[in-house]
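K.L.:
My questions all concern the structure below.
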Amino acid sequence: MQPDSLLFSFFLIFTSVALLSTIALFFRQPLLVAYIVVGVTLGPYGLSYVSDLSLLSDISEFGIIFLLFLLGLDMQPAKLFVTLKKTFLVTLISSLLFILLGYSTGLLFSLSHAESLVIGFTLIFSSTIIGIKLLPTTVLHQKHMGEIMVGILLMQDFIAIFILVFLDSGNREHSNTLEVLLALPALLVMTYLATRFVLIKLIARFDHFREYIFLLAIGWCLGIAELAAGIGLSAEIGAFVAGVSLATNPISQFIAYSLKPLRDFFLVLFFFSLGAQFNIGLLGEIIAPAMVLAGLTLTIKPVVFRYLLRRFSERNKLAWDAGLRLGQISEFSLLIAFVATQSGVISESTSLIIQGAAIITFLISSYVVVLFCPTPIAISSKLRRD
């Protein structure tokens, strides 16, 4: 086996991730932290066992494409409207406050206005992994909690989609805001027509061939992603639109279930590549702003969510519970930092500040949730809920 071969790289990555993920689960840590740590360790700034990141970076992009496709599949318009209506103001007001917080923090450390604004954008989002996967599903008041959190997280996802559109448009030589605004409606119209007159008819005719539906879904996702890239948008936006176009069809749940393992495979590579690009030589330069940003996030975000939810008639205990569960930086923040770096909007050191702050908030917030909130893996038996 050649040391620089793709097979050897995959062997190192997935074996190391499996070992470190086992340790992470024992200590109640999010698995994506293990993925990033393996990337830092094995990447070119660590032990350099995996030094050629260009191919892995290209492959890992598929993970983001499938993530957004699956997110779109779960967004049925009618149900989505009801959920978002309950949490619209909370998400909008909190987002503006978090942008101001991140922007001010960036300026405090002498970053440019554009870099400070991107930091503000990354503070908007809370982790779906920590927020939803540590939420009990069998307790009645937690079902209401789930509705609130899903509404907030979905609103945040919509905001992330628009931010990614404009950040990624800067990654193309001749694109501008007007082209992006025109390209998105054009993509929606083309996708709607293709779904109604071609895709749905194919699914209805051959839905008993499950392997065909699986292949058709992958082709549809990647086809619309490539179409979006061709008209000046990003492949990720195309994948999201492709998912939404199928959300009202019952087959969407089968597609979502079938593609999750494939998505997870590529997401491991995405977070590994993020970690591998983490230049630990710059750690001394970014550790102070990363810790300040993480500290502000962990202390201010729960208070903001608690106040706003309490203001809009939620009970005090539920408002605090939701605030603690939403009080961290998100996986979407890492994606925004990645796209902003690729587009030249922020520097490598600013991207590392965001990544460092995100990792710190993942670790501390997951401990806070496990220690103080009802979860399936709570340390206290009084808080343990399935």
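We label chains A, B, ... in the order they appear in the structure tokens, count residues from 1 in each chain, and number ligands from 1 in the order shown.
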Applying 7 Å and only C-alpha atoms, which residues near stretch 119-125 of chain A remain after dropping the ones on its own chain fewer than 4 positions away? List them as a PyMOL selection string.
P.N.:
chain A and resi 95+98-103+106+115+156+329-330+332-333+336+354
K.L.:
Give me the residues near A:Ala18 as a VMD selection string, where near means some atom within 12 Å (using only C-alpha atoms) and where sequence neighbours in that chain fewer than 4 positions away do not count.
P.N.:
chain A and resid 10 to 14 22 to 25 31 to 32 34 to 35 38 268
K.L.:
I'd like to know which of A:Ile218, A:Ala319, A:Ala160, A:Ile36 is closest to A:Ala358, using only C-alpha atoms.
P.N.:
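Under the stated criterion, the closest residue is A:Ile36.
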K.L.:
For A:Leu202, list every protein, DNA or RNA residue within 12 Å, evaluated using only C-alpha atoms, and leave out those in the same chain fewer than 5 positions away; present the list as a PyMOL selection string.
P.N.:
chain A and resi 194-197+207-209+212-213+216-217+220+251
K.L.:
Write out as an mmCIF file with C-alpha atoms, in the first residue's frame which residues come within 8 Å of A:Leu188 when counting only C-alpha atoms, dropping same-chain ones fewer than 4 positions away.
P.N.:
```
data_model
loop_
_atom_site.group_PDB
_atom_site.id
_atom_site.type_symbol
_atom_site.label_atom_id
_atom_site.label_comp_id
_atom_site.auth_asym_id
_atom_site.auth_seq_id
_atom_site.Cartn_x
_atom_site.Cartn_y
_atom_site.Cartn_z
ATOM 1 C CA LEU A 184 -31.937 31.870 -8.018
ATOM 2 C CA TYR A 192 -40.137 23.067 -10.469
ATOM 3 C CA VAL A 241 -33.357 23.407 -4.023
#
```
K.L.:
Run DSSP on the backbone and tell me which residues of stretch 200-354 of chain A come out as helix (DSSP H, G or I); list them as a ChimeraX atom specification.
P.N.:
/A:200-206,210-230,235-246,251-276,280-311,316-325,331-342,348-354
K.L.:
Pick from A:Ala322, A:Leu233, A:Val244, A:Val368: nearest to A:Leu164, with only C-alpha atoms counted?
P.N.:
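Result for the nearest residue to A:Leu164: A:Leu233.
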K.L.:
In Å, how far is it from atom CA of A:Ser112 to atom CA of A:Glu285?
P.N.:
16.0 Å
